[in-house]
file data-v4.pdb (PDB, C-alpha atoms, pLDDT in the B column)
ATOM      1  CA  MET A1054      -9.528  39.255  53.266  1.00 42.00           C
ATOM      2  CA  ASN A1055     -11.526  42.343  52.409  1.00 48.00           C
ATOM      3  CA  PRO A1056     -10.446  45.626  54.023  1.00 46.00           C
ATOM      4  CA  VAL A1057     -12.260  46.806  57.128  1.00 46.00           C
ATOM      5  CA  ASP A1058     -15.145  49.084  56.224  1.00 45.00           C
ATOM      6  CA  LEU A1059     -14.972  52.331  58.198  1.00 45.00           C
ATOM      7  CA  GLY A1060     -17.570  54.163  56.168  1.00 51.00           C
ATOM      8  CA  PRO A1061     -16.278  57.164  54.227  1.00 50.00           C
ATOM      9  CA  ILE A1062     -12.758  56.912  55.765  1.00 57.00           C
ATOM     10  CA  PRO A1063     -10.422  54.225  54.295  1.00 64.00           C
ATOM     11  CA  PRO A1064      -8.340  52.141  56.744  1.00 62.00           C
ATOM     12  CA  SER A1065      -5.099  53.804  55.590  1.00 70.00           C
ATOM     13  CA  GLU A1066      -6.520  57.201  56.547  1.00 68.00           C
ATOM     14  CA  PHE A1067      -7.568  55.851  59.928  1.00 64.00           C
ATOM     15  CA  ASP A1068      -4.036  54.533  60.553  1.00 69.00           C
ATOM     16  CA  ARG A1069      -2.567  57.904  59.593  1.00 74.00           C
ATOM     17  CA  ARG A1070      -4.848  59.744  61.999  1.00 68.00           C
ATOM     18  CA  ILE A1071      -4.064  57.317  64.813  1.00 67.00           C
ATOM     19  CA  LYS A1072      -0.317  57.850  64.297  1.00 74.00           C
ATOM     20  CA  ARG A1073      -0.774  61.598  64.291  1.00 71.00           C
ATOM     21  CA  LEU A1074      -2.856  61.362  67.449  1.00 67.00           C
ATOM     22  CA  LYS A1075      -0.168  59.327  69.218  1.00 71.00           C
ATOM     23  CA  ALA A1076       2.445  61.870  68.141  1.00 75.00           C
ATOM     24  CA  PHE A1077       0.325  64.656  69.645  1.00 69.00           C
ATOM     25  CA  GLN A1078       0.010  62.681  72.862  1.00 68.00           C
ATOM     26  CA  LEU A1079       3.770  62.137  73.088  1.00 77.00           C
ATOM     27  CA  VAL A1080       4.430  65.845  72.571  1.00 74.00           C
ATOM     28  CA  LEU A1081       1.874  66.698  75.231  1.00 69.00           C
ATOM     29  CA  HIS A1082       3.503  64.343  77.748  1.00 75.00           C
ATOM     30  CA  LEU A1083       6.935  65.827  77.068  1.00 79.00           C
ATOM     31  CA  ILE A1084       5.605  69.366  77.394  1.00 74.00           C
ATOM     32  CA  ASN A1085       3.888  68.471  80.665  1.00 74.00           C
ATOM     33  CA  ILE A1086       7.137  67.107  82.048  1.00 82.00           C
ATOM     34  CA  LEU A1087       9.116  70.172  80.959  1.00 77.00           C
ATOM     35  CA  THR A1088       6.462  72.505  82.366  1.00 74.00           C
ATOM     36  CA  VAL A1089       6.465  70.782  85.761  1.00 79.00           C
ATOM     37  CA  ILE A1090      10.269  70.838  85.900  1.00 80.00           C
ATOM     38  CA  ALA A1091      10.385  74.521  84.976  1.00 72.00           C
ATOM     39  CA  VAL A1092       7.769  75.452  87.585  1.00 73.00           C
ATOM     40  CA  LEU A1093       9.567  73.470  90.304  1.00 78.00           C
ATOM     41  CA  VAL A1094      12.888  75.071  89.428  1.00 73.00           C
ATOM     42  CA  SER A1095      11.326  78.515  89.518  1.00 70.00           C
ATOM     43  CA  ILE A1096       9.760  77.876  92.950  1.00 71.00           C
ATOM     44  CA  VAL A1097      12.986  76.511  94.425  1.00 73.00           C
ATOM     45  CA  ALA A1098      14.975  79.385  92.980  1.00 68.00           C
ATOM     46  CA  MET A1099      12.476  81.919  94.311  1.00 67.00           C
ATOM     47  CA  ILE A1100      12.737  80.429  97.816  1.00 69.00           C
ATOM     48  CA  MET A1101      16.506  80.194  97.822  1.00 69.00           C
ATOM     49  CA  THR A1102      17.253  83.577  96.233  1.00 65.00           C
ATOM     50  CA  ASN A1103      14.627  86.271  95.838  1.00 61.00           C
ATOM     51  CA  ASP A1104      11.416  87.094  93.976  1.00 57.00           C
ATOM     52  CA  ASN A1105      13.316  88.637  91.097  1.00 57.00           C
ATOM     53  CA  TYR A1106      14.369  85.197  89.862  1.00 54.00           C
ATOM     54  CA  LEU A1107      10.732  84.343  89.149  1.00 53.00           C
ATOM     55  CA  SER A1108      10.551  87.063  86.525  1.00 59.00           C
ATOM     56  CA  GLY A1109      13.559  85.487  84.855  1.00 58.00           C
ATOM     57  CA  ILE A1110      12.056  82.003  84.634  1.00 61.00           C
ATOM     58  CA  MET A1111       8.596  83.079  83.472  1.00 65.00           C
ATOM     59  CA  PRO A1112       9.717  83.674  79.850  1.00 70.00           C
ATOM     60  CA  VAL A1113      10.539  79.942  79.791  1.00 66.00           C
ATOM     61  CA  VAL A1114       7.504  78.654  81.654  1.00 69.00           C
ATOM     62  CA  LEU A1115       4.904  80.790  79.858  1.00 75.00           C
ATOM     63  CA  PRO A1116       5.685  79.483  76.319  1.00 77.00           C
ATOM     64  CA  LEU A1117       5.577  75.908  77.634  1.00 72.00           C
ATOM     65  CA  ILE A1118       2.130  76.504  79.108  1.00 75.00           C
ATOM     66  CA  ILE A1119       0.922  78.033  75.839  1.00 80.00           C
ATOM     67  CA  VAL A1120       2.264  75.115  73.755  1.00 76.00           C
ATOM     68  CA  ASN A1121       0.794  72.691  76.278  1.00 72.00           C
ATOM     69  CA  THR A1122      -2.637  74.250  75.859  1.00 76.00           C
ATOM     70  CA  ILE A1123      -2.412  74.186  72.056  1.00 79.00           C
ATOM     71  CA  ALA A1124      -1.300  70.532  72.051  1.00 74.00           C
ATOM     72  CA  PHE A1125      -4.136  69.607  74.414  1.00 74.00           C
ATOM     73  CA  TYR A1126      -6.801  71.079  72.127  1.00 76.00           C
ATOM     74  CA  LYS A1127      -5.168  69.526  69.055  1.00 75.00           C
ATOM     75  CA  ILE A1128      -5.341  66.114  70.698  1.00 73.00           C
ATOM     76  CA  ARG A1129      -8.903  66.710  71.818  1.00 71.00           C
ATOM     77  CA  ASP A1130      -9.963  67.627  68.269  1.00 75.00           C
ATOM     78  CA  SER A1131      -8.208  64.548  66.864  1.00 72.00           C
ATOM     79  CA  ILE A1132      -9.893  62.287  69.407  1.00 69.00           C
ATOM     80  CA  ILE A1133     -13.314  63.745  68.660  1.00 70.00           C
ATOM     81  CA  ASN A1134     -12.673  63.310  64.926  1.00 73.00           C
ATOM     82  CA  ILE A1135     -11.523  59.694  65.221  1.00 71.00           C
ATOM     83  CA  THR A1136     -14.184  58.611  67.698  1.00 65.00           C
ATOM     84  CA  GLY A1137     -16.864  60.230  65.585  1.00 68.00           C
ATOM     85  CA  MET A1138     -15.561  58.409  62.528  1.00 71.00           C
ATOM     86  CA  LEU A1139     -15.536  55.052  64.311  1.00 68.00           C
ATOM     87  CA  SER A1140     -19.015  55.574  65.729  1.00 67.00           C
ATOM     88  CA  ARG A1141     -20.262  55.310  62.119  1.00 73.00           C
ATOM     89  CA  ALA A1142     -18.362  52.095  61.359  1.00 68.00           C
ATOM     90  CA  GLU A1143     -20.507  49.013  60.709  1.00 76.00           C
ATOM     91  CA  ASP A1144     -17.846  46.385  60.011  1.00 75.00           C
ATOM     92  CA  PRO A1145     -17.434  44.196  63.138  1.00 79.00           C
ATOM     93  CA  ARG A1146     -13.708  43.905  62.385  1.00 72.00           C
ATOM     94  CA  SER A1147     -13.363  47.564  63.364  1.00 77.00           C
ATOM     95  CA  LEU A1148     -14.149  46.602  66.971  1.00 83.00           C
ATOM     96  CA  GLY A1149     -10.476  46.566  67.943  1.00 81.00           C
ATOM     97  CA  MET A1150     -10.024  50.155  66.772  1.00 77.00           C
ATOM     98  CA  VAL A1151     -13.107  51.264  68.708  1.00 81.00           C
ATOM     99  CA  LEU A1152     -11.806  49.596  71.872  1.00 84.00           C
ATOM    100  CA  GLU A1153      -8.452  51.323  71.586  1.00 78.00           C
ATOM    101  CA  CYS A1154     -10.144  54.689  71.101  1.00 76.00           C
ATOM    102  CA  LEU A1155     -12.201  54.113  74.244  1.00 78.00           C
ATOM    103  CA  GLU A1156      -8.967  54.420  76.224  1.00 77.00           C
ATOM    104  CA  LEU A1157      -8.389  57.934  74.895  1.00 69.00           C
ATOM    105  CA  PRO A1158      -9.491  60.930  76.973  1.00 65.00           C
ATOM    106  CA  ALA A1159     -12.425  61.851  74.756  1.00 61.00           C
ATOM    107  CA  PRO A1160     -15.453  63.911  75.865  1.00 64.00           C
ATOM    108  CA  THR A1161     -18.176  61.967  77.682  1.00 67.00           C
ATOM    109  CA  GLN A1162     -20.564  62.184  74.727  1.00 67.00           C
ATOM    110  CA  ASN A1163     -18.015  60.524  72.423  1.00 69.00           C
ATOM    111  CA  HIS A1164     -17.330  57.786  74.959  1.00 74.00           C
ATOM    112  CA  LYS A1165     -21.026  56.952  75.242  1.00 79.00           C
ATOM    113  CA  SER A1166     -21.289  56.782  71.465  1.00 79.00           C
ATOM    114  CA  LEU A1167     -18.324  54.406  71.293  1.00 80.00           C
ATOM    115  CA  GLU A1168     -19.702  52.221  74.102  1.00 85.00           C
ATOM    116  CA  SER A1169     -22.906  51.796  72.126  1.00 86.00           C
ATOM    117  CA  LYS A1170     -20.882  50.988  69.013  1.00 85.00           C
ATOM    118  CA  VAL A1171     -18.908  48.306  70.879  1.00 89.00           C
ATOM    119  CA  LEU A1172     -22.128  46.473  71.737  1.00 91.00           C
ATOM    120  CA  VAL A1173     -23.437  46.787  68.170  1.00 89.00           C
ATOM    121  CA  LEU A1174     -20.211  45.448  66.644  1.00 88.00           C
ATOM    122  CA  LEU A1175     -19.970  42.605  69.165  1.00 91.00           C
ATOM    123  CA  SER A1176     -23.518  41.532  68.384  1.00 91.00           C
ATOM    124  CA  LYS A1177     -22.570  41.215  64.692  1.00 88.00           C
ATOM    125  CA  MET A1178     -19.313  39.375  65.346  1.00 89.00           C
ATOM    126  CA  HIS A1179     -18.687  35.677  64.748  1.00 88.00           C
ATOM    127  CA  ALA A1180     -16.237  33.571  66.729  1.00 85.00           C
ATOM    128  CA  SER A1181     -13.748  33.531  63.839  1.00 84.00           C
ATOM    129  CA  GLN A1182     -13.698  37.342  63.773  1.00 84.00           C
ATOM    130  CA  PHE A1183     -13.517  37.551  67.567  1.00 88.00           C
ATOM    131  CA  ASN A1184     -10.339  35.472  67.536  1.00 84.00           C
ATOM    132  CA  LEU A1185      -8.650  38.075  65.305  1.00 82.00           C
ATOM    133  CA  LEU A1186      -8.595  40.629  68.145  1.00 88.00           C
ATOM    134  CA  THR A1187      -5.159  41.283  69.613  1.00 86.00           C
ATOM    135  CA  SER A1188      -4.285  40.323  73.186  1.00 89.00           C
ATOM    136  CA  ASN A1189      -4.465  43.987  74.211  1.00 87.00           C
ATOM    137  CA  GLN A1190      -7.924  44.390  72.663  1.00 88.00           C
ATOM    138  CA  ARG A1191      -9.117  41.243  74.445  1.00 92.00           C
ATOM    139  CA  ARG A1192      -7.728  42.703  77.675  1.00 93.00           C
ATOM    140  CA  LEU A1193      -9.770  45.861  77.112  1.00 91.00           C
ATOM    141  CA  LEU A1194     -12.928  43.789  76.674  1.00 93.00           C
ATOM    142  CA  ARG A1195     -12.300  42.020  79.976  1.00 94.00           C
ATOM    143  CA  ILE A1196     -11.990  45.379  81.730  1.00 94.00           C
ATOM    144  CA  TYR A1197     -15.624  46.158  80.879  1.00 94.00           C
ATOM    145  CA  VAL A1198     -16.909  43.009  82.636  1.00 94.00           C
ATOM    146  CA  SER A1199     -14.711  43.397  85.713  1.00 95.00           C
ATOM    147  CA  PRO A1200     -16.203  44.301  89.111  1.00 94.00           C
ATOM    148  CA  GLU A1201     -13.831  47.281  89.327  1.00 94.00           C
ATOM    149  CA  PHE A1202     -15.274  48.792  86.154  1.00 93.00           C
ATOM    150  CA  ALA A1203     -18.867  47.918  87.038  1.00 93.00           C
ATOM    151  CA  ALA A1204     -18.500  49.646  90.412  1.00 92.00           C
ATOM    152  CA  LYS A1205     -17.585  52.983  88.852  1.00 90.00           C
ATOM    153  CA  CYS A1206     -19.557  52.776  85.588  1.00 88.00           C
ATOM    154  CA  ALA A1207     -22.815  54.733  85.563  1.00 85.00           C
ATOM    155  CA  ASN A1208     -24.045  52.868  82.468  1.00 88.00           C
ATOM    156  CA  ASP A1209     -25.320  49.535  83.839  1.00 91.00           C
ATOM    157  CA  GLN A1210     -26.840  48.678  80.476  1.00 92.00           C
ATOM    158  CA  PHE A1211     -23.386  48.757  78.884  1.00 92.00           C
ATOM    159  CA  VAL A1212     -21.967  46.408  81.538  1.00 94.00           C
ATOM    160  CA  ARG A1213     -24.859  43.956  81.158  1.00 95.00           C
ATOM    161  CA  GLY A1214     -24.522  44.054  77.382  1.00 94.00           C
ATOM    162  CA  MET A1215     -20.788  43.354  77.557  1.00 95.00           C
ATOM    163  CA  VAL A1216     -21.348  40.400  79.888  1.00 96.00           C
ATOM    164  CA  SER A1217     -23.979  38.979  77.537  1.00 95.00           C
ATOM    165  CA  GLU A1218     -21.745  39.246  74.468  1.00 94.00           C
ATOM    166  CA  LEU A1219     -18.697  37.757  76.182  1.00 95.00           C
ATOM    167  CA  SER A1220     -20.834  34.858  77.402  1.00 94.00           C
ATOM    168  CA  ARG A1221     -21.403  34.133  73.696  1.00 93.00           C
ATOM    169  CA  LEU A1222     -17.857  34.744  72.431  1.00 93.00           C
ATOM    170  CA  GLY A1223     -15.479  34.749  75.405  1.00 92.00           C
ATOM    171  CA  ASP A1224     -12.925  32.187  76.534  1.00 93.00           C
ATOM    172  CA  GLU A1225     -11.688  30.902  79.907  1.00 94.00           C
ATOM    173  CA  LEU A1226      -9.940  34.174  80.741  1.00 94.00           C
ATOM    174  CA  ASP A1227     -13.120  36.138  80.119  1.00 94.00           C
ATOM    175  CA  LEU A1228     -15.033  33.628  82.230  1.00 95.00           C
ATOM    176  CA  GLN A1229     -12.715  34.122  85.208  1.00 96.00           C
ATOM    177  CA  VAL A1230     -13.300  37.895  85.174  1.00 95.00           C
ATOM    178  CA  MET A1231     -17.055  37.406  84.836  1.00 96.00           C
ATOM    179  CA  LYS A1232     -16.970  35.074  87.837  1.00 95.00           C
ATOM    180  CA  ARG A1233     -15.398  37.813  89.930  1.00 95.00           C
ATOM    181  CA  LEU A1234     -18.222  40.133  88.935  1.00 95.00           C
ATOM    182  CA  ALA A1235     -20.823  37.457  89.716  1.00 94.00           C
ATOM    183  CA  ALA A1236     -19.249  36.856  93.142  1.00 94.00           C
ATOM    184  CA  ASN A1237     -19.858  40.423  94.313  1.00 90.00           C
ATOM    185  CA  ILE A1238     -22.008  40.539  97.459  1.00 85.00           C
ATOM    186  CA  ASP A1239     -21.961  44.264  98.166  1.00 87.00           C
ATOM    187  CA  PRO A1240     -25.110  45.914  96.704  1.00 82.00           C
ATOM    188  CA  ASP A1241     -23.677  49.340  97.505  1.00 84.00           C
ATOM    189  CA  MET A1242     -20.747  48.596  95.199  1.00 87.00           C
ATOM    190  CA  ILE A1243     -22.553  47.035  92.206  1.00 90.00           C
ATOM    191  CA  ARG A1244     -26.280  46.897  91.502  1.00 90.00           C
ATOM    192  CA  LEU A1245     -27.871  43.537  92.257  1.00 91.00           C
ATOM    193  CA  ASP A1246     -29.438  43.217  88.804  1.00 93.00           C
ATOM    194  CA  VAL A1247     -25.981  43.518  87.218  1.00 94.00           C
ATOM    195  CA  VAL A1248     -24.563  40.836  89.524  1.00 94.00           C
ATOM    196  CA  GLU A1249     -27.524  38.512  88.941  1.00 95.00           C
ATOM    197  CA  HIS A1250     -27.166  38.946  85.186  1.00 95.00           C
ATOM    198  CA  ALA A1251     -23.458  38.101  85.477  1.00 95.00           C
ATOM    199  CA  ARG A1252     -24.275  34.914  87.397  1.00 95.00           C
ATOM    200  CA  ASN A1253     -26.684  33.762  84.705  1.00 96.00           C
ATOM    201  CA  CYS A1254     -24.139  34.514  81.992  1.00 96.00           C
ATOM    202  CA  VAL A1255     -21.425  32.627  83.870  1.00 96.00           C
ATOM    203  CA  GLU A1256     -23.602  29.501  83.773  1.00 95.00           C
ATOM    204  CA  ILE A1257     -24.227  29.983  80.052  1.00 95.00           C
ATOM    205  CA  THR A1258     -20.526  30.503  79.373  1.00 95.00           C
ATOM    206  CA  GLU A1259     -19.480  27.424  81.352  1.00 95.00           C
ATOM    207  CA  ALA A1260     -21.996  25.268  79.475  1.00 94.00           C
ATOM    208  CA  ARG A1261     -20.833  26.605  76.117  1.00 93.00           C
ATOM    209  CA  LEU A1262     -17.123  26.113  76.854  1.00 93.00           C
ATOM    210  CA  THR A1263     -17.786  22.583  78.117  1.00 93.00           C
ATOM    211  CA  ALA A1264     -19.685  21.728  74.934  1.00 92.00           C
ATOM    212  CA  GLU A1265     -16.867  23.178  72.817  1.00 89.00           C
ATOM    213  CA  ARG A1266     -14.265  21.101  74.663  1.00 88.00           C
ATOM    214  CA  GLU A1267     -16.303  17.933  74.141  1.00 87.00           C
ATOM    215  CA  THR A1268     -16.739  18.712  70.455  1.00 84.00           C
ATOM    216  CA  ASN A1269     -13.015  19.322  70.012  1.00 78.00           C
ATOM    217  CA  LEU A1270     -12.304  16.052  71.806  1.00 79.00           C
ATOM    218  CA  LEU A1271     -14.541  14.093  69.432  1.00 73.00           C
ATOM    219  CA  LEU A1272     -13.120  15.798  66.344  1.00 66.00           C
ATOM    220  CA  ARG A1273      -9.454  15.565  67.271  1.00 63.00           C
ATOM    221  CA  PRO A1274      -7.193  13.782  64.720  1.00 64.00           C
ATOM    222  CA  ALA A1275      -6.371  10.199  65.558  1.00 58.00           C
ATOM    223  CA  SER A1276      -2.897   9.438  66.880  1.00 57.00           C
ATOM    224  CA  ILE A1277      -0.603   6.692  65.567  1.00 54.00           C
ATOM    225  CA  GLY A1278      -1.643   4.423  68.419  1.00 54.00           C
ATOM    226  CA  ASP A1279      -5.254   4.580  67.276  1.00 52.00           C
ATOM    227  CA  LEU A1280      -4.430   3.089  63.868  1.00 50.00           C
ATOM    228  CA  GLY A1281      -3.989  -0.520  65.044  1.00 53.00           C
ATOM    229  CA  LEU A1282      -6.841  -1.766  62.870  1.00 52.00           C
ATOM    230  CA  LEU A1283      -5.565   0.055  59.796  1.00 54.00           C
ATOM    231  CA  ARG A1284      -2.296  -1.835  59.271  1.00 56.00           C
ATOM    232  CA  PRO A1285      -0.868  -1.724  55.729  1.00 56.00           C
ATOM    233  CA  ALA A1286      -1.007  -4.989  53.849  1.00 56.00           C
ATOM    234  CA  ALA A1287       2.226  -6.999  53.891  1.00 55.00           C
ATOM    235  CA  SER A1288       4.071  -6.953  50.573  1.00 56.00           C
ATOM    236  CA  PRO A1289       4.749 -10.327  48.962  1.00 54.00           C
ATOM    237  CA  GLY A1290       8.231 -11.691  49.327  1.00 55.00           C
ATOM    238  CA  GLN A1291      10.614 -12.817  46.581  1.00 53.00           C
ATOM    239  CA  GLU A1292       9.684 -16.462  47.186  1.00 54.00           C
ATOM    240  CA  ASP A1293       6.056 -15.782  46.280  1.00 55.00           C
ATOM    241  CA  VAL A1294       7.114 -14.109  43.047  1.00 52.00           C
ATOM    242  CA  ASP A1295       9.365 -17.028  42.133  1.00 55.00           C
ATOM    243  CA  GLN A1296       6.575 -19.470  42.872  1.00 57.00           C
ATOM    244  CA  LEU A1297       4.096 -17.629  40.691  1.00 55.00           C
ATOM    245  CA  LEU A1298       6.538 -17.267  37.780  1.00 56.00           C
ATOM    246  CA  ARG A1299       8.159 -20.773  37.850  1.00 59.00           C
ATOM    247  CA  PRO A1300       8.239 -22.653  34.494  1.00 59.00           C
ATOM    248  CA  ALA A1301       5.626 -25.322  33.970  1.00 57.00           C
ATOM    249  CA  VAL A1302       6.796 -28.970  34.200  1.00 55.00           C
ATOM    250  CA  LYS A1303       5.680 -31.207  31.349  1.00 54.00           C
ATOM    251  CA  SER A1304       3.649 -34.186  32.401  1.00 52.00           C
ATOM    252  CA  GLU A1305       3.740 -37.632  30.830  1.00 51.00           C
ATOM    253  CA  PHE A1306       0.577 -36.830  28.874  1.00 49.00           C
ATOM    254  CA  ASP A1307       2.282 -33.926  27.073  1.00 53.00           C
ATOM    255  CA  ARG A1308       5.037 -36.083  25.638  1.00 51.00           C
TER     256      ARG A1308
END

call {"tool": "encode", "arguments": {"input": "data-v4.pdb", "output": "structure tokens"}}
result
Amino acid sequence: MNPVDLGPIPPSEFDRRIKRLKAFQLVLHLINILTVIAVLVSIVAMIMTNDNYLSGIMPVVLPLIIVNTIAFYKIRDSIINITGMLSRAEDPRSLGMVLECLELPAPTQNHKSLESKVLVLLSKMHASQFNLLTSNQRRLLRIYVSPEFAAKCANDQFVRGMVSELSRLGDELDLQVMKRLAANIDPDMIRLDVVEHARNCVEITEARLTAERETNLLLRPASIGDLGLLRPAASPGQEDVDQLLRPAVKSEFDR
């Protein structure tokens, strides 16, 4: 299999940046926890003793806040870098990476760019490539056709596009989520045009999955019980061999 084309950035470089980004995120979480603990300790100590204790804890809290801020901007820069890189990818096999980056807290502009890229990559994807997505990446796709996401998403075009693509590529699990979206009856929650589009796509998906099941049924390999008409020929016994190879008996005319 050819490597995934990410434009000017090779896949190994992408993996390295993702690992570095996750390391930044872990450090930020740890710093957040330590900062909260330090602030709580300082408040409790100030209440139980006197205000002078606060001046003693600040030299600990202040560096944590500074490191927290630096880590936050480092992560933000890494996210912007990675999402910008993926927004230029044209290989549909990079879809999984784009989906995972959509979960990161990137600026709104980067998220919109990645949402557009998801639709572009899905439109270029074949069923064989779609099946290579991991279970987590498939779960992320289902989120974008769920009624919960549609209710809070301001980009109705993205939701409609995702429903259309999953009606072409999705499986039974995707269909169940799309049915929940199509069953919405509250126009204040989800726009009616989005719900109507989901209903049409549910019908298309059901028809496609039914046709695929029928095709697989017709093309399934035959079982042993189906081979009754294809019995192997019986091998000749020893008596037949002896009969064929017996010596000739001389008749009276040969004497």

call {"tool": "resolve_selection", "arguments": {"input": "data-v4.pdb", "expression": "the PyMOL selection byres ((chain A and resi 1196) around 12)", "output": "PyMOL selection string"}}
result
chain A and resi 1152+1155-1156+1189-1195+1197-1206+1212+1215-1216+1219+1226-1227+1229-1231+1233-1234

call {"tool": "atom_distance", "arguments": {"input": "data-v4.pdb", "atom1": "CA of Phe1211 (chain A)", "atom2": "CA of Tyr1126 (chain A)"}}
result
28.6 Å

call {"tool": "atom_distance", "arguments": {"input": "data-v4.pdb", "atom1": "CA of Leu1117 (chain A)", "atom2": "CA of Ile1084 (chain A)"}}
result
6.5 Å

call {"tool": "atom_distance", "arguments": {"input": "data-v4.pdb", "atom1": "CA of Arg1213 (chain A)", "atom2": "CA of Asn1134 (chain A)"}}
result
28.0 Å

call {"tool": "residues_around", "arguments": {"input": "data-v4.pdb", "residues": "Asp1246 (chain A)", "least_positions_apart": "3", "cutoff": "12 Å", "atoms": "only C-alpha atoms", "output": "VMD selection string"}}
result
chain A and resid 1203 1209 to 1210 1212 to 1213 1234 to 1235 1237 to 1238 1240 1243 1249 to 1253

call {"tool": "closest_residue", "arguments": {"input": "data-v4.pdb", "among": "A:Ser1166, A:Ser1147, A:Asn1208, A:Ser1220", "to": "Arg1244 (chain A)", "atoms": "all atoms listed in the file"}}
result
A:Asn1208

call {"tool": "resolve_selection", "arguments": {"input": "data-v4.pdb", "expression": "the PyMOL selection byres ((chain A and resi 1151) around 9)", "output": "PyMOL selection string"}}
result
chain A and resi 1136+1139-1140+1147-1150+1152-1155+1167-1168+1170-1171

call {"tool": "resolve_selection", "arguments": {"input": "data-v4.pdb", "expression": "the PyMOL selection byres ((chain A and resi 1261) around 12)", "output": "list in words"}}
result
Leu1219, Ser1220, Arg1221, Leu1222, Gly1223, Asp1224, Glu1225, Leu1228, Cys1254, Val1255, Glu1256, Ile1257, Thr1258, Glu1259, Ala1260, Leu1262, Thr1263, Ala1264, Glu1265, Arg1266, Glu1267 and Thr1268 of chain A

call {"tool": "closest_residue", "arguments": {"input": "data-v4.pdb", "among": "A:Val1247, A:Val1120, A:Ser1065, A:Ile1128", "to": "Leu1087 (chain A)", "atoms": "only C-alpha atoms"}}
result
A:Val1120

call {"tool": "residues_around", "arguments": {"input": "data-v4.pdb", "residues": "Asn1121 (chain A)", "least_positions_apart": "5", "cutoff": "10 Å", "atoms": "all atoms listed in the file", "output": "list in words"}}
result
Val1080, Leu1081, His1082, Leu1083, Ile1084, Asn1085, Leu1087, Thr1088, Leu1115, Pro1116, Tyr1126 and Lys1127 of chain A

call {"tool": "closest_residue", "arguments": {"input": "data-v4.pdb", "among": "A:Ile1086, A:Arg1146, A:Glu1218, A:Met1138", "to": "Thr1187 (chain A)", "atoms": "all atoms listed in the file"}}
result
A:Arg1146
